[in-house]
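*Asks:* This is the structure I have questions about; it appears just below.
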Amino acid sequence: MIIKPATSRPRTVPGRPAGSPDTACVITCHNYGRFLAQCLDSCLRQTTPFAHIIVVDDASTDDTRHVTAKYAKRGVKFLRTEFRNYSMARNAGYKALPQASHVLFVDADNWLVDNYVEVLRRGFVKPNIGACYGNLLHYRDNRALGLSKSVRAFKEGWLEHSNMADACSLMRCDAFEQAGMWSEAGTVMSDWSLWLRFRRMGWKMQFCPEAILNYRIHGQQMSIEWRTDPRKVVEAAPKESALIAVVTLFSGRAWALGSYARFLRGLQWNRKNIVVVAVDNSGNPGFSRQLKTMLHDSGYVHILVPDATRAVAEVSSERFAADPRLRQKHNQQLAVQMARLYAIARQFVPAAATHVWTIEDDIEPPPDALKHLVFGLYRSQQAGMIGGLARSRFGARWIAWDNGKPFEAPPAGGYKEATETGFLCALFPRSVWDALAFKPGPGVPAGNVAYDHTACRDIRDMGRKVFIAGSVRCKHWQSNGTCA
């Protein structure tokens, strides 16, 4: 598939008239009338004033309209919607305001310290900063509980694991619009979803710890649901907004193309957020045509990289893949070749990809594999790689090791640390993938040379961990149509 540059004009927001480039504030409210006055007062006290403030009353049945009316003479606008969806309400409020350079979205149950906007505006020190965010000070029943532990300084790679910034962040309007505004497809962790799209578009985020958002904790919050069932997080934000690069090296095994195509067809993920990077090392024109057709028919965006270089001149890649005696005889050459091919593939992984998922050409992961792999990254900030399980073709064991000993698989839904595993089905945060220098090194068992075991050791040397997901049990196909 040839990827052509977009030919559409830059995004404009319908219904939003042109105006002076200043800071706008959108306050969303659903039956938060009892909190709204405190929120509005804090916005109107800002040391760097808002040029525009609008309250979006989304299907409230309380006194939200009457509370807002008391502030009309101070320039506060009012918009009534019936979405019952805070993302849609936020977008509607944004579209209703004059054009601005920056925008802040505030939930009506929270309130700002007086210099909140002033501090955040100072954070835009570089032109590629798309959003500045501050600390959250939790309150319950008007009693301060302390700063949120989930908010932290932005570090490359952390966003691939979990959210780090509240929705009440000051954003460049250009960045907000380019990222597609608030996603209206769902409500769970909509801020994390937006920040992932910021990252894909090349925008950075800046932490300004002196800016304090007073964050009220109470039983009516919509975030209660995902806090009690965190697995819903990966059913929403990353699935909706993270870009996954699937990297596969193809050795020329035509018999495996059918299972690979079936895996792509059945994958339970947002297809527009998958890019397949396929390295064709077959050196076989007939296979190359089949591979090209399979990728085209899959409907996924893909990048096909031909590389016919052989590990050993007289041995084809397909023969190497099929014959364990050849692999043992030329173990060093094969490890060098595999490391080189993954280094080649790295060059074609899109810059916007947030995760890299390696899948070997004879492996068929379950349709819901990504859900479990991504959740593994969410549950552990130390995770540098989440692998799936597959049986070895050459022995009744899993392709993973625990300090050189056979690996005992975790139960479904569980995760267990391993010391070494293969790239058969492995998800990496992009920051970890980029930090790896693919190279051969000692493998398991002793005397073996392996690129993937070396990568696992390098990940551990970074202070990260390798985990295996018990729910990701892959089919390891053989040429006779059976699974190992």
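In the structure tokens, the first chain shown is A, the next is B, and so on; residue numbers restart at 1 for each chain, and ligands run from 1 in the order shown.
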May I have the residues within 8 Å of segment 21-30 of chain A as a PyMOL selection string, using only C-alpha atoms and disregarding those fewer than 2 positions away in the same chain?

*Replies:* chain A and resi 19+32-33+36+49-60+64+84+86+89-90+93-94+97+99-109

*Asks:* Dump N, CA and C atoms for the selected residues as a short mmCIF file (atom, residue, chain, number, x, y, z; two decimals), in the first residue's frame?

*Replies:*
data_model
loop_
_atom_site.label_atom_id
_atom_site.label_comp_id
_atom_site.auth_asym_id
_atom_site.auth_seq_id
_atom_site.Cartn_x
_atom_site.Cartn_y
_atom_site.Cartn_z
N GLY A 19 -11.56 35.41 15.89
CA GLY A 19 -11.46 36.37 16.97
C GLY A 19 -10.02 36.59 17.36
N TYR A 32 -24.01 19.60 38.52
CA TYR A 32 -23.00 20.08 39.48
C TYR A 32 -23.29 21.52 39.89
N GLY A 33 -24.56 21.92 39.82
CA GLY A 33 -24.90 23.30 40.15
C GLY A 33 -24.44 23.71 41.53
N LEU A 36 -20.85 24.80 41.09
CA LEU A 36 -20.51 25.65 39.94
C LEU A 36 -20.03 27.04 40.34
N PRO A 49 -6.30 36.65 33.06
CA PRO A 49 -7.73 36.42 32.86
C PRO A 49 -8.04 35.66 31.56
N PHE A 50 -9.14 34.96 31.60
CA PHE A 50 -9.66 34.34 30.38
C PHE A 50 -10.32 35.40 29.51
N ALA A 51 -10.13 35.28 28.22
CA ALA A 51 -10.84 36.17 27.29
C ALA A 51 -12.28 35.74 27.14
N HIS A 52 -12.54 34.44 27.26
CA HIS A 52 -13.89 33.91 27.07
C HIS A 52 -14.11 32.77 28.06
N ILE A 53 -15.29 32.72 28.65
CA ILE A 53 -15.69 31.63 29.52
C ILE A 53 -17.09 31.19 29.11
N ILE A 54 -17.29 29.91 28.97
CA ILE A 54 -18.61 29.38 28.65
C ILE A 54 -18.90 28.19 29.56
N VAL A 55 -20.12 28.14 30.06
CA VAL A 55 -20.60 27.00 30.84
C VAL A 55 -21.48 26.16 29.92
N VAL A 56 -21.14 24.88 29.80
CA VAL A 56 -21.94 23.97 29.00
C VAL A 56 -22.76 23.12 29.97
N ASP A 57 -24.05 23.37 29.99
CA ASP A 57 -24.97 22.63 30.84
C ASP A 57 -25.45 21.41 30.05
N ASP A 58 -24.86 20.24 30.37
CA ASP A 58 -25.20 19.04 29.61
C ASP A 58 -26.27 18.23 30.33
N ALA A 59 -27.52 18.53 29.97
CA ALA A 59 -28.69 17.76 30.43
C ALA A 59 -28.86 17.78 31.94
N SER A 60 -28.49 18.89 32.59
CA SER A 60 -28.67 18.99 34.04
C SER A 60 -30.15 19.13 34.39
N THR A 64 -28.24 24.51 37.53
CA THR A 64 -27.04 24.95 36.79
C THR A 64 -27.33 26.21 35.98
N ARG A 84 -25.44 14.15 27.39
CA ARG A 84 -25.12 13.23 28.49
C ARG A 84 -23.78 12.53 28.22
N TYR A 86 -19.66 13.94 28.41
CA TYR A 86 -18.86 15.14 28.68
C TYR A 86 -17.89 15.47 27.55
N ALA A 89 -19.95 17.39 25.11
CA ALA A 89 -20.26 18.70 25.70
C ALA A 89 -19.04 19.63 25.62
N ARG A 90 -17.87 19.10 25.90
CA ARG A 90 -16.66 19.92 25.81
C ARG A 90 -16.45 20.44 24.39
N GLY A 93 -18.89 23.20 23.53
CA GLY A 93 -18.51 24.47 24.14
C GLY A 93 -17.36 25.14 23.41
N TYR A 94 -16.39 24.34 23.01
CA TYR A 94 -15.24 24.87 22.28
C TYR A 94 -15.67 25.49 20.95
N LEU A 97 -17.29 29.10 21.07
CA LEU A 97 -16.51 30.26 21.49
C LEU A 97 -15.78 30.91 20.31
N GLN A 99 -12.52 32.31 18.29
CA GLN A 99 -11.22 31.69 18.13
C GLN A 99 -10.26 32.15 19.22
N ALA A 100 -9.45 31.23 19.72
CA ALA A 100 -8.49 31.54 20.78
C ALA A 100 -7.17 30.85 20.47
N SER A 101 -6.12 31.24 21.19
CA SER A 101 -4.82 30.60 21.01
C SER A 101 -4.67 29.39 21.92
N HIS A 102 -5.30 29.46 23.12
CA HIS A 102 -5.22 28.39 24.09
C HIS A 102 -6.60 28.15 24.69
N VAL A 103 -6.81 26.93 25.18
CA VAL A 103 -8.10 26.61 25.78
C VAL A 103 -7.88 25.73 27.01
N LEU A 104 -8.72 25.96 28.01
CA LEU A 104 -8.70 25.16 29.23
C LEU A 104 -10.10 24.59 29.45
N PHE A 105 -10.18 23.29 29.71
CA PHE A 105 -11.45 22.64 30.01
C PHE A 105 -11.49 22.33 31.50
N VAL A 106 -12.54 22.76 32.16
CA VAL A 106 -12.68 22.59 33.60
C VAL A 106 -14.00 21.87 33.87
N ASP A 107 -13.96 20.86 34.72
CA ASP A 107 -15.19 20.24 35.20
C ASP A 107 -15.74 21.07 36.34
N ALA A 108 -17.05 21.25 36.38
CA ALA A 108 -17.65 22.21 37.31
C ALA A 108 -17.51 21.81 38.77
N ASP A 109 -17.12 20.58 39.05
CA ASP A 109 -16.95 20.18 40.46
C ASP A 109 -15.55 20.48 40.97
#

*Asks:* Considering only C-alpha atoms, return as a list in words whatever protein or nucleic-acid residues lie within 7 Å of segment 208-215 of chain A, sequence-local ones (same chain, fewer than 6 positions apart) excluded.

*Replies:*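 Contacts, in chain order: Asn110, Trp111, Leu112, Val113, Tyr116, Val119, Leu120, Gly123, Cys132, Tyr133, Gly134, Asn135, Leu136, Leu137, His138 and Tyr139 of chain A.
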
*Asks:* Could those selected residues go to a file with C-alpha atoms, as an mmCIF file, in the first residue's frame?

*Replies:*
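Generated file (result_0.cif):
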data_model
loop_
_atom_site.group_PDB
_atom_site.id
_atom_site.type_symbol
_atom_site.label_atom_id
_atom_site.label_comp_id
_atom_site.auth_asym_id
_atom_site.auth_seq_id
_atom_site.Cartn_x
_atom_site.Cartn_y
_atom_site.Cartn_z
ATOM 1 C CA ASN A 110 -13.329 21.401 40.550
ATOM 2 C CA TRP A 111 -11.763 24.833 41.045
ATOM 3 C CA LEU A 112 -8.478 26.572 40.226
ATOM 4 C CA VAL A 113 -5.868 28.352 42.298
ATOM 5 C CA TYR A 116 -3.335 28.488 37.535
ATOM 6 C CA VAL A 119 1.735 29.375 35.595
ATOM 7 C CA LEU A 120 0.598 27.117 32.767
ATOM 8 C CA GLY A 123 5.180 26.500 30.429
ATOM 9 C CA CYS A 132 0.856 22.271 29.937
ATOM 10 C CA TYR A 133 -0.546 20.592 33.017
ATOM 11 C CA GLY A 134 -0.320 21.047 36.759
ATOM 12 C CA ASN A 135 -0.792 19.139 39.981
ATOM 13 C CA LEU A 136 -4.058 17.873 41.406
ATOM 14 C CA LEU A 137 -4.816 18.566 45.055
ATOM 15 C CA HIS A 138 -7.498 16.090 46.109
ATOM 16 C CA TYR A 139 -10.376 17.238 48.294
#

*Asks:* Between segment 386-413 of chain A and segment 466-484 of chain A, at 8 Å or less, what are the per-residue closest atom pairs and their distances in Å? Count only C-alpha atoms, order by chain and rising residue number, and return it as JSON lines.

*Replies:*
{"residue": "A:Ile386", "atom": "CA", "partner": "A:Phe467", "partner_atom": "CA", "distance": 4.9}
{"residue": "A:Gly387", "atom": "CA", "partner": "A:Ile468", "partner_atom": "CA", "distance": 4.6}
{"residue": "A:Gly388", "atom": "CA", "partner": "A:Val472", "partner_atom": "CA", "distance": 4.8}
{"residue": "A:Leu389", "atom": "CA", "partner": "A:Arg473", "partner_atom": "CA", "distance": 4.7}
{"residue": "A:Ala390", "atom": "CA", "partner": "A:Cys474", "partner_atom": "CA", "distance": 5.1}
{"residue": "A:Arg391", "atom": "CA", "partner": "A:Ala484", "partner_atom": "CA", "distance": 5.7}
{"residue": "A:Ser392", "atom": "CA", "partner": "A:Ala484", "partner_atom": "CA", "distance": 6.4}
{"residue": "A:Arg393", "atom": "CA", "partner": "A:Ala484", "partner_atom": "CA", "distance": 5.1}
{"residue": "A:Ala409", "atom": "CA", "partner": "A:Gly470", "partner_atom": "CA", "distance": 6.3}
{"residue": "A:Pro410", "atom": "CA", "partner": "A:Gly470", "partner_atom": "CA", "distance": 4.8}
{"residue": "A:Pro411", "atom": "CA", "partner": "A:Gly470", "partner_atom": "CA", "distance": 5.1}
{"residue": "A:Ala412", "atom": "CA", "partner": "A:Ser471", "partner_atom": "CA", "distance": 4.4}
{"residue": "A:Gly413", "atom": "CA", "partner": "A:Ser471", "partner_atom": "CA", "distance": 5.4}

*Asks:* Include C-alpha atoms and write out the residues we just selected as a CSV table (one decimal), in the first residue's frame.

*Replies:*
chain,number,residue,atom,x,y,z
A,386,ILE,CA,5.0,-8.0,27.6
A,387,GLY,CA,5.2,-11.3,25.8
A,388,GLY,CA,2.7,-14.0,24.8
A,389,LEU,CA,3.1,-17.7,25.2
A,390,ALA,CA,3.8,-20.3,22.5
A,391,ARG,CA,5.0,-23.8,22.6
A,392,SER,CA,8.4,-24.7,21.2
A,393,ARG,CA,8.3,-26.7,18.0
A,409,ALA,CA,3.0,-20.1,32.6
A,410,PRO,CA,0.8,-17.8,34.6
A,411,PRO,CA,-2.9,-18.4,34.7
A,412,ALA,CA,-5.3,-16.6,32.3
A,413,GLY,CA,-5.6,-13.0,33.3

*Asks:* Any chance you could tabulate, as a tab-separated table, the residues of segment 404-480 of chain A at most 8 Å from segment 325-339 of chain A with each one's nearest atom pair and distance in Å to one decimal, using only C-alpha atoms, in chain and rising number order?

*Replies:*
residue	atom	partner	partner_atom	distance
A:Phe438	CA	A:Ala339	CA	4.9
A:Lys439	CA	A:Ala339	CA	5.1
A:Pro440	CA	A:Ala335	CA	5.3
A:Asn448	CA	A:Asn331	CA	7.1
A:Val449	CA	A:Gln332	CA	5.8
A:Ala450	CA	A:Ala335	CA	5.3
A:Tyr451	CA	A:Ala335	CA	5.5

*Asks:* So what do you get for atom CA of Lys204 of chain A versus atom CA of Lys155 of chain A, distance-wise?

*Replies:*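 Atom-to-atom, atom CA of Lys204 of chain A and atom CA of Lys155 of chain A are spaced 10.0 Å apart.
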
*Asks:* So which residues touch Phe407 of chain A within 10 Å, counting only C-alpha atoms, skipping near sequence neighbours fewer than 2 positions away, as a list in words?

*Replies:*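 My list of contacting residues is Arg397, Trp398, Ile399, Ala400, Trp401, Asp402, Asn403, Gly404, Lys405, Ala409, Pro410, Lys416, Glu417, Ala418, Thr419, Glu420, Thr421 and Ile468 of chain A.
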
*Asks:* Rounded to one decimal, what separation in Å do you get between atom CA of Ala455 of chain A and atom CA of Leu267 of chain A?

*Replies:*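 Value for the atom CA of Ala455 of chain A-atom CA of Leu267 of chain A distance: 26.5 Å.
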